[in-house]
Amino acid sequence: MRYDILIKNARTRNYSDIVDIGIQNGKIVKIGSDLGNDAVEMLNADGGLVTESFVNGHLHLCKVYTLSMIGDEALKQYQGSSMGGAMTAIELAARVKEKYDEKWIIDNVRKACMRAIQYGNTHIRAFADTDTKAKLEGVKALLKAKEEFQNSLDLQVVAFPQDGVIRDPGAEEYVRQSLELGADVVGGIPWIEYTDEDAMEHINKMFDLAKRYNKGISMLIDDAGDPTLKTLEMLCVKTIKEGWSGRVTAQHARAMCLYPEPYFRKVSALIRKANLGVVSDPHTGPLHARVKELYQMGVNVALGQDDIADAYYPFGRNNMLEVAFLAAHLLWMTTFDDMNVLYDMITTRAAKALGIDDYGLEEGKAAHLVILNAGTLWEAIWEHERPRYVIKDGKNVTLSACSKRA
């Protein structure tokens with residue numbers, strides 16, 4: 001057999017011995033010892049770790065690199081110790097949308113996408129504000145980037161009504177128009193509404209669109225320091241009733257940190273019943289979902305970059321190993337077993353949460369892989385360096401010419 005790509009001398013998570021990995025027609029066709037040397041392209045891992053490429057479960061891609069435009073007032077409100085000012089932060093951050101224009105947004109988006117590929121991201125769930133302020137400027141930029149980068153990066157574009165649906169009359173129509181343009185996922189942020197009744201109506205309206213266009217759903221849920229927030233429970237119940245199990249993700253769910261234990265157990269049971277994915281970004285706010293416990297319960301938990309130099313977070317490189325490194329500290333996940341869990345949350349569990357089926361370091365799966373310098377997961381997370389090689393759909397998409405500072 002002549003392989004398109006043959007990776008030699010690879011260390012993996014699933015095999016105890018050093019192996020070769022043969023890739024043909026975009027698929028992993030053979031994993032074994034000494035697969036020969038007949039290949040169009042040979043890549044020597046030199047005993048380095050080869051794993052699935054990285055999945056970023058949550059990124060506000062239309063807002064990247066806008067911190068200098070908006071300042072840090074929103075950041076101060078959002079990252080206060082109790083997160084009581086989260087709604088105020090969103091209102092302050094919305095000012096940047098007064099300047100929204102696809103022409104400058106796309107330049108920032110391209111820069112972030114290039115960095116994603118450098119750091120081995122091949123799949124990103126990317127949110128675009130889609131409301132009466134942003135209109136369709138952000139979603140147009142993301143859809144353009146999706147087409148431009150389609151050979152090296154899969155962007156799942158989320159039409160996201162950041163300022164609410166009931167609070168922002170007209171936002172629902174912009175979400176609908178975004179789906180007509182080609183957006184992949186219906187967004188939502190029901191907790192931002194003023195009442196529980198309005199939050200439920202928000203969820204209902206977004207589900208109506210998802211069902212009409214046969215789309216998945218991603219909603220920012222209970223993203224504040226308020227243990228009385230119940231939109232996670234609402235989302236789970238609606239998902240079960242509508243038969244949308246496995247097609248819905250909850251982003252953040254930070255109030256979960258403050259839930260009374262009996263209520264947490266009830267909601268976690270609902271999450272499992274709804275087969276809801278949960279995406280956490282613990283580095284962008286002082287509260288976070290109870291990630292480790294959810295993972296142990298079998299929930300598909302993912303990590304996300306969330307923000308890159310915007311009104312909510314001043315850093316970020318689209319480097320999911322860096323995100324895992326930060327999570328190791330913030331969640332106190334520092335044992336070797338924890339490293340496996342963290343790595344799952346930026347690869348296999350993240351893929352399941354986002355509905356990416358043809359993914360995994362297995363024969364017959366699509367070849368989405370990274371070849372690292374590190375020999376162990378511990379070293380990979382510790383150093384969080386750029387991969388030596390990035391493979392997407394069986395093609396070497398490594399951006400070797402990009403600056404190491406990126």
# chains A, B, ... in the order shown; residues from 1 in each chain; ligands from 1
$ residues_around --residues "Leu61 of chain A" --least-positions-apart "4" --cutoff "9 Å" --atoms "only C-alpha atoms" --output "MDAnalysis selection string"
chainID A and resid 108:109 112:113 125:128 138 142 306:308
$ write_last_selection --atoms "N, CA, C and O atoms" --output "PDB file, in the first residue's frame"
ATOM      1  N   ASN A 108      -9.209  40.464  11.607  1.00  0.00           N
ATOM      2  CA  ASN A 108      -8.963  39.890  12.932  1.00  0.00           C
ATOM      3  C   ASN A 108      -9.251  38.393  12.947  1.00  0.00           C
ATOM      4  O   ASN A 108      -8.519  37.599  13.549  1.00  0.00           O
ATOM      5  N   VAL A 109     -10.328  38.014  12.283  1.00  0.00           N
ATOM      6  CA  VAL A 109     -10.720  36.605  12.231  1.00  0.00           C
ATOM      7  C   VAL A 109      -9.645  35.779  11.537  1.00  0.00           C
ATOM      8  O   VAL A 109      -9.278  34.688  11.993  1.00  0.00           O
ATOM      9  N   ALA A 112      -6.739  35.153  13.871  1.00  0.00           N
ATOM     10  CA  ALA A 112      -7.053  34.148  14.887  1.00  0.00           C
ATOM     11  C   ALA A 112      -7.094  32.747  14.283  1.00  0.00           C
ATOM     12  O   ALA A 112      -6.665  31.775  14.913  1.00  0.00           O
ATOM     13  N   CYS A 113      -7.591  32.628  13.069  1.00  0.00           N
ATOM     14  CA  CYS A 113      -7.648  31.313  12.411  1.00  0.00           C
ATOM     15  C   CYS A 113      -6.240  30.799  12.105  1.00  0.00           C
ATOM     16  O   CYS A 113      -5.969  29.603  12.255  1.00  0.00           O
ATOM     17  N   ARG A 125     -15.897  25.840  17.408  1.00  0.00           N
ATOM     18  CA  ARG A 125     -17.263  26.365  17.432  1.00  0.00           C
ATOM     19  C   ARG A 125     -17.152  27.862  17.670  1.00  0.00           C
ATOM     20  O   ARG A 125     -16.784  28.314  18.757  1.00  0.00           O
ATOM     21  N   ALA A 126     -17.473  28.623  16.622  1.00  0.00           N
ATOM     22  CA  ALA A 126     -17.184  30.061  16.586  1.00  0.00           C
ATOM     23  C   ALA A 126     -18.470  30.873  16.642  1.00  0.00           C
ATOM     24  O   ALA A 126     -19.338  30.745  15.772  1.00  0.00           O
ATOM     25  N   PHE A 127     -18.579  31.726  17.652  1.00  0.00           N
ATOM     26  CA  PHE A 127     -19.779  32.531  17.870  1.00  0.00           C
ATOM     27  C   PHE A 127     -19.646  33.886  17.180  1.00  0.00           C
ATOM     28  O   PHE A 127     -18.598  34.529  17.251  1.00  0.00           O
ATOM     29  N   ALA A 128     -20.740  34.295  16.533  1.00  0.00           N
ATOM     30  CA  ALA A 128     -20.818  35.625  15.937  1.00  0.00           C
ATOM     31  C   ALA A 128     -22.043  36.338  16.495  1.00  0.00           C
ATOM     32  O   ALA A 128     -23.169  35.825  16.369  1.00  0.00           O
ATOM     33  N   GLY A 138     -20.783  40.410  11.727  1.00  0.00           N
ATOM     34  CA  GLY A 138     -19.915  39.378  12.292  1.00  0.00           C
ATOM     35  C   GLY A 138     -20.113  38.033  11.632  1.00  0.00           C
ATOM     36  O   GLY A 138     -19.150  37.333  11.309  1.00  0.00           O
ATOM     37  N   LEU A 142     -17.382  35.602   9.590  1.00  0.00           N
ATOM     38  CA  LEU A 142     -17.067  34.223   9.977  1.00  0.00           C
ATOM     39  C   LEU A 142     -17.376  33.243   8.852  1.00  0.00           C
ATOM     40  O   LEU A 142     -16.639  32.279   8.638  1.00  0.00           O
ATOM     41  N   ASP A 306     -12.797  30.684  24.439  1.00  0.00           N
ATOM     42  CA  ASP A 306     -13.782  31.692  24.815  1.00  0.00           C
ATOM     43  C   ASP A 306     -13.478  33.046  24.177  1.00  0.00           C
ATOM     44  O   ASP A 306     -14.234  33.531  23.350  1.00  0.00           O
ATOM     45  N   ASP A 307     -12.364  33.657  24.568  1.00  0.00           N
ATOM     46  CA  ASP A 307     -12.061  35.022  24.112  1.00  0.00           C
ATOM     47  C   ASP A 307     -10.577  35.166  23.798  1.00  0.00           C
ATOM     48  O   ASP A 307      -9.733  34.501  24.405  1.00  0.00           O
ATOM     49  N   ILE A 308     -10.292  36.069  22.871  1.00  0.00           N
ATOM     50  CA  ILE A 308      -8.909  36.446  22.566  1.00  0.00           C
ATOM     51  C   ILE A 308      -8.833  37.967  22.526  1.00  0.00           C
ATOM     52  O   ILE A 308      -9.381  38.610  21.613  1.00  0.00           O
TER      53      ILE A 308
END
$ residues_around --residues "segment 284-297 of chain A" --least-positions-apart "2" --cutoff "6 Å" --atoms "only C-alpha atoms" --output "PDB file with N, CA, C and O atoms, in the first residue's frame"
ATOM      1  N   GLN A  79     -15.085  39.971  35.577  1.00  0.00           N
ATOM      2  CA  GLN A  79     -14.156  39.160  36.349  1.00  0.00           C
ATOM      3  C   GLN A  79     -14.118  39.518  37.829  1.00  0.00           C
ATOM      4  O   GLN A  79     -13.224  39.073  38.550  1.00  0.00           O
ATOM      5  N   ALA A 253     -22.096  27.875  32.132  1.00  0.00           N
ATOM      6  CA  ALA A 253     -22.817  27.323  33.288  1.00  0.00           C
ATOM      7  C   ALA A 253     -22.069  27.620  34.587  1.00  0.00           C
ATOM      8  O   ALA A 253     -21.950  26.760  35.469  1.00  0.00           O
ATOM      9  N   ARG A 254     -21.582  28.846  34.718  1.00  0.00           N
ATOM     10  CA  ARG A 254     -20.736  29.215  35.871  1.00  0.00           C
ATOM     11  C   ARG A 254     -21.486  29.187  37.196  1.00  0.00           C
ATOM     12  O   ARG A 254     -20.903  28.907  38.247  1.00  0.00           O
ATOM     13  N   MET A 256     -23.244  27.073  38.308  1.00  0.00           N
ATOM     14  CA  MET A 256     -23.182  25.715  38.849  1.00  0.00           C
ATOM     15  C   MET A 256     -22.254  25.626  40.057  1.00  0.00           C
ATOM     16  O   MET A 256     -22.454  24.807  40.960  1.00  0.00           O
ATOM     17  N   CYS A 257     -21.238  26.473  40.082  1.00  0.00           N
ATOM     18  CA  CYS A 257     -20.300  26.520  41.214  1.00  0.00           C
ATOM     19  C   CYS A 257     -21.024  26.825  42.527  1.00  0.00           C
ATOM     20  O   CYS A 257     -20.544  26.448  43.600  1.00  0.00           O
ATOM     21  N   ASP A 281     -14.956  27.391  30.293  1.00  0.00           N
ATOM     22  CA  ASP A 281     -13.818  28.268  30.009  1.00  0.00           C
ATOM     23  C   ASP A 281     -13.336  28.866  31.340  1.00  0.00           C
ATOM     24  O   ASP A 281     -13.522  30.064  31.593  1.00  0.00           O
ATOM     25  N   PRO A 282     -12.746  28.059  32.202  1.00  0.00           N
ATOM     26  CA  PRO A 282     -12.487  28.522  33.575  1.00  0.00           C
ATOM     27  C   PRO A 282     -11.495  29.671  33.675  1.00  0.00           C
ATOM     28  O   PRO A 282     -11.475  30.373  34.691  1.00  0.00           O
ATOM     29  N   VAL A 299     -20.562  12.951  31.353  1.00  0.00           N
ATOM     30  CA  VAL A 299     -20.985  14.075  30.515  1.00  0.00           C
ATOM     31  C   VAL A 299     -19.859  14.419  29.537  1.00  0.00           C
ATOM     32  O   VAL A 299     -18.682  14.384  29.892  1.00  0.00           O
ATOM     33  N   TYR A 313     -11.520  39.211  28.182  1.00  0.00           N
ATOM     34  CA  TYR A 313     -10.282  38.493  28.507  1.00  0.00           C
ATOM     35  C   TYR A 313      -9.147  39.114  27.696  1.00  0.00           C
ATOM     36  O   TYR A 313      -9.283  39.271  26.471  1.00  0.00           O
TER      37      TYR A 313
END
$ closest_atom_pairs --of "segment 47-125 of chain A" --to "segment 314-325 of chain A" --cutoff "7 Å" --atoms "only C-alpha atoms" --output "tab-separated table"
residue	atom	partner	partner_atom	distance
A:Phe54	CA	A:Met320	CA	6.6
A:Asn56	CA	A:Met320	CA	6.8
A:Leu67	CA	A:Pro314	CA	6.9
A:Ala112	CA	A:Asn318	CA	6.9
A:Arg115	CA	A:Asn318	CA	6.2
A:Ala116	CA	A:Asn318	CA	4.9
A:Tyr119	CA	A:Asn319	CA	5.3
$ closest_residue --among "A:Leu59, A:Leu276, A:Met219, A:Val19" --to "Gly246 of chain A" --atoms "only C-alpha atoms"
A:Leu276
$ closest_residue --among "A:Val186, A:Met114, A:Ala309, A:Ile28" --to "Ser152 of chain A" --atoms "only C-alpha atoms"
A:Met114
$ closest_residue --among "A:Gly71, A:Gly277, A:Gly57, A:Pro387" --to "Ile346 of chain A" --atoms "only C-alpha atoms"
A:Gly57
$ residues_around --residues "Thr347 of chain A" --least-positions-apart "3" --cutoff "7 Å" --atoms "only C-alpha atoms" --output "list in words"
Glu52, Ser53, Phe54, Val55, Tyr343, Asp344, Ala350 and Ala351 of chain A
$ select_by_dssp --residues "segment 163-233 of chain A" --states "strand (DSSP E)" --output "JSON list (two decimals) with C-alpha atoms, in the first residue's frame"
[["chain", "number", "residue", "atom", "x", "y", "z"],
["A", 185, "VAL", "CA", -25.62, 26.44, 14.83],
["A", 186, "VAL", "CA", -28.38, 28.37, 16.62],
["A", 187, "GLY", "CA", -27.06, 30.34, 19.59],
["A", 188, "GLY", "CA", -28.72, 31.72, 22.66],
["A", 216, "GLY", "CA", -27.71, 22.17, 16.56],
["A", 217, "ILE", "CA", -27.91, 24.60, 19.46],
["A", 218, "SER", "CA", -25.26, 26.30, 21.63],
["A", 219, "MET", "CA", -26.39, 28.53, 24.47],
["A", 220, "LEU", "CA", -24.50, 30.54, 27.06],
["A", 221, "ILE", "CA", -26.15, 29.43, 30.27]]
$ residues_around --residues "Ile5 of chain A" --least-positions-apart "4" --cutoff "6 Å" --atoms "only C-alpha atoms" --output "VMD selection string"
chain A and resid 23 39 41 to 42
$ write_last_selection --atoms "N, CA and C atoms" --output "PDB file, in the first residue's frame"
ATOM      1  N   ILE A  23      -1.834   6.959   6.423  1.00  0.00           N
ATOM      2  CA  ILE A  23      -2.978   7.790   6.058  1.00  0.00           C
ATOM      3  C   ILE A  23      -3.172   7.748   4.545  1.00  0.00           C
ATOM      4  N   ALA A  39       5.388   5.962   0.784  1.00  0.00           N
ATOM      5  CA  ALA A  39       4.441   7.040   1.038  1.00  0.00           C
ATOM      6  C   ALA A  39       4.822   8.264   0.222  1.00  0.00           C
ATOM      7  N   GLU A  41       4.418  11.264   1.416  1.00  0.00           N
ATOM      8  CA  GLU A  41       5.043  12.145   2.408  1.00  0.00           C
ATOM      9  C   GLU A  41       5.320  11.348   3.675  1.00  0.00           C
ATOM     10  N   MET A  42       6.575  11.417   4.125  1.00  0.00           N
ATOM     11  CA  MET A  42       6.978  10.728   5.356  1.00  0.00           C
ATOM     12  C   MET A  42       7.196  11.768   6.452  1.00  0.00           C
TER      13      MET A  42
END
$ closest_residue --among "A:Cys236, A:Ala94, A:Trp244, A:Leu179" --to "Val267 of chain A" --atoms "only C-alpha atoms"
A:Cys236
$ atom_distance --atom1 "atom CA of Tyr389 of chain A" --atom2 "atom CA of Thr122 of chain A"
12.1 Å
$ atom_distance --atom1 "atom CA of Asp163 of chain A" --atom2 "atom CA of Val248 of chain A"
20.1 Å
$ residues_around --residues "segment 356-364 of chain A" --least-positions-apart "4" --cutoff "8 Å" --atoms "only C-alpha atoms" --output "MDAnalysis selection string"
chainID A and resid 27:31 51:52 348 351:352 368:369
$ write_last_selection --atoms "all heavy atoms" --output "mmCIF file, in the first residue's frame"
data_model
loop_
_atom_site.group_PDB
_atom_site.id
_atom_site.type_symbol
_atom_site.label_atom_id
_atom_site.label_comp_id
_atom_site.auth_asym_id
_atom_site.auth_seq_id
_atom_site.Cartn_x
_atom_site.Cartn_y
_atom_site.Cartn_z
ATOM 1 N N LYS A 27 -8.091 9.355 5.456
ATOM 2 C CA LYS A 27 -8.418 8.475 6.568
ATOM 3 C C LYS A 27 -7.165 7.829 7.160
ATOM 4 O O LYS A 27 -6.151 7.654 6.477
ATOM 5 C CB LYS A 27 -9.353 7.353 6.101
ATOM 6 C CG LYS A 27 -10.667 7.819 5.521
ATOM 7 C CD LYS A 27 -11.632 8.267 6.601
ATOM 8 C CE LYS A 27 -13.011 8.546 6.027
ATOM 9 N NZ LYS A 27 -13.981 8.943 7.083
ATOM 10 N N ILE A 28 -7.274 7.476 8.443
ATOM 11 C CA ILE A 28 -6.257 6.624 9.069
ATOM 12 C C ILE A 28 -6.567 5.192 8.641
ATOM 13 O O ILE A 28 -7.605 4.639 9.016
ATOM 14 C CB ILE A 28 -6.305 6.747 10.600
ATOM 15 C CG1 ILE A 28 -6.052 8.195 11.035
ATOM 16 C CG2 ILE A 28 -5.285 5.809 11.246
ATOM 17 C CD1 ILE A 28 -6.361 8.454 12.501
ATOM 18 N N VAL A 29 -5.713 4.607 7.835
ATOM 19 C CA VAL A 29 -6.022 3.274 7.295
ATOM 20 C C VAL A 29 -5.252 2.165 7.991
ATOM 21 O O VAL A 29 -5.652 0.994 7.944
ATOM 22 C CB VAL A 29 -5.766 3.212 5.768
ATOM 23 C CG1 VAL A 29 -6.747 4.113 5.042
ATOM 24 C CG2 VAL A 29 -4.334 3.588 5.420
ATOM 25 N N LYS A 30 -4.130 2.498 8.651
ATOM 26 C CA LYS A 30 -3.350 1.453 9.313
ATOM 27 C C LYS A 30 -2.548 2.051 10.458
ATOM 28 O O LYS A 30 -1.909 3.088 10.321
ATOM 29 C CB LYS A 30 -2.394 0.785 8.308
ATOM 30 C CG LYS A 30 -1.666 -0.427 8.847
ATOM 31 C CD LYS A 30 -2.611 -1.603 9.093
ATOM 32 C CE LYS A 30 -1.849 -2.866 9.485
ATOM 33 N NZ LYS A 30 -2.778 -3.972 9.835
ATOM 34 N N ILE A 31 -2.596 1.373 11.602
ATOM 35 C CA ILE A 31 -1.756 1.702 12.753
ATOM 36 C C ILE A 31 -1.043 0.421 13.155
ATOM 37 O O ILE A 31 -1.684 -0.594 13.435
ATOM 38 C CB ILE A 31 -2.580 2.239 13.940
ATOM 39 C CG1 ILE A 31 -3.377 3.490 13.540
ATOM 40 C CG2 ILE A 31 -1.672 2.568 15.124
ATOM 41 C CD1 ILE A 31 -4.340 3.978 14.610
ATOM 42 N N THR A 51 -1.417 12.574 18.623
ATOM 43 C CA THR A 51 -2.788 12.480 19.137
ATOM 44 C C THR A 51 -3.758 13.086 18.126
ATOM 45 O O THR A 51 -3.353 13.626 17.098
ATOM 46 C CB THR A 51 -2.958 13.239 20.474
ATOM 47 O OG1 THR A 51 -3.058 14.655 20.220
ATOM 48 C CG2 THR A 51 -1.819 12.973 21.435
ATOM 49 N N GLU A 52 -5.022 13.017 18.473
ATOM 50 C CA GLU A 52 -6.027 13.748 17.719
ATOM 51 C C GLU A 52 -5.693 15.248 17.757
ATOM 52 O O GLU A 52 -5.143 15.747 18.734
ATOM 53 C CB GLU A 52 -7.420 13.546 18.333
ATOM 54 C CG GLU A 52 -7.876 12.103 18.412
ATOM 55 C CD GLU A 52 -7.415 11.372 19.661
ATOM 56 O OE1 GLU A 52 -6.618 11.956 20.451
ATOM 57 O OE2 GLU A 52 -7.821 10.210 19.854
ATOM 58 N N THR A 348 -11.172 14.341 22.345
ATOM 59 C CA THR A 348 -12.252 13.381 22.107
ATOM 60 C C THR A 348 -13.586 13.797 22.725
ATOM 61 O O THR A 348 -14.629 13.725 22.066
ATOM 62 C CB THR A 348 -11.855 11.995 22.624
ATOM 63 O OG1 THR A 348 -11.439 12.105 24.007
ATOM 64 C CG2 THR A 348 -10.699 11.429 21.809
ATOM 65 N N ALA A 351 -14.965 16.773 20.871
ATOM 66 C CA ALA A 351 -15.544 16.390 19.575
ATOM 67 C C ALA A 351 -16.951 15.839 19.754
ATOM 68 O O ALA A 351 -17.875 16.173 18.990
ATOM 69 C CB ALA A 351 -14.646 15.374 18.882
ATOM 70 N N LYS A 352 -17.147 15.002 20.766
ATOM 71 C CA LYS A 352 -18.480 14.454 21.017
ATOM 72 C C LYS A 352 -19.457 15.556 21.405
ATOM 73 O O LYS A 352 -20.618 15.558 20.969
ATOM 74 C CB LYS A 352 -18.404 13.393 22.116
ATOM 75 C CG LYS A 352 -17.715 12.104 21.678
ATOM 76 C CD LYS A 352 -17.641 11.100 22.818
ATOM 77 C CE LYS A 352 -16.928 9.824 22.389
ATOM 78 N NZ LYS A 352 -16.783 8.863 23.507
ATOM 79 N N HIS A 368 -7.316 13.614 11.560
ATOM 80 C CA HIS A 368 -7.134 14.927 12.182
ATOM 81 C C HIS A 368 -6.143 14.716 13.319
ATOM 82 O O HIS A 368 -6.520 14.245 14.410
ATOM 83 C CB HIS A 368 -8.451 15.467 12.740
ATOM 84 C CG HIS A 368 -9.581 15.519 11.762
ATOM 85 N ND1 HIS A 368 -9.479 16.126 10.533
ATOM 86 C CD2 HIS A 368 -10.854 15.034 11.838
ATOM 87 C CE1 HIS A 368 -10.636 16.024 9.897
ATOM 88 N NE2 HIS A 368 -11.482 15.357 10.667
ATOM 89 N N LEU A 369 -4.876 15.044 13.105
ATOM 90 C CA LEU A 369 -3.822 14.653 14.037
ATOM 91 C C LEU A 369 -2.834 15.784 14.271
ATOM 92 O O LEU A 369 -2.685 16.688 13.435
ATOM 93 C CB LEU A 369 -3.052 13.437 13.496
ATOM 94 C CG LEU A 369 -3.867 12.188 13.148
ATOM 95 C CD1 LEU A 369 -2.996 11.170 12.435
ATOM 96 C CD2 LEU A 369 -4.479 11.579 14.407
#
$ closest_residue --among "A:Ile203, A:Ile124, A:Ala224, A:Met69" --to "Gln150 of chain A" --atoms "only C-alpha atoms"
A:Ile124
$ select_by_dssp --residues "segment 222-345 of chain A" --states "helix (DSSP H, G or I)" --output "PyMOL selection string"
chain A and resi 231-242+254-258+261-274+282-284+291-296+320-330+336-344
$ atom_distance --atom1 "atom CA of Val301 of chain A" --atom2 "atom CA of Val278 of chain A"
4.9 Å
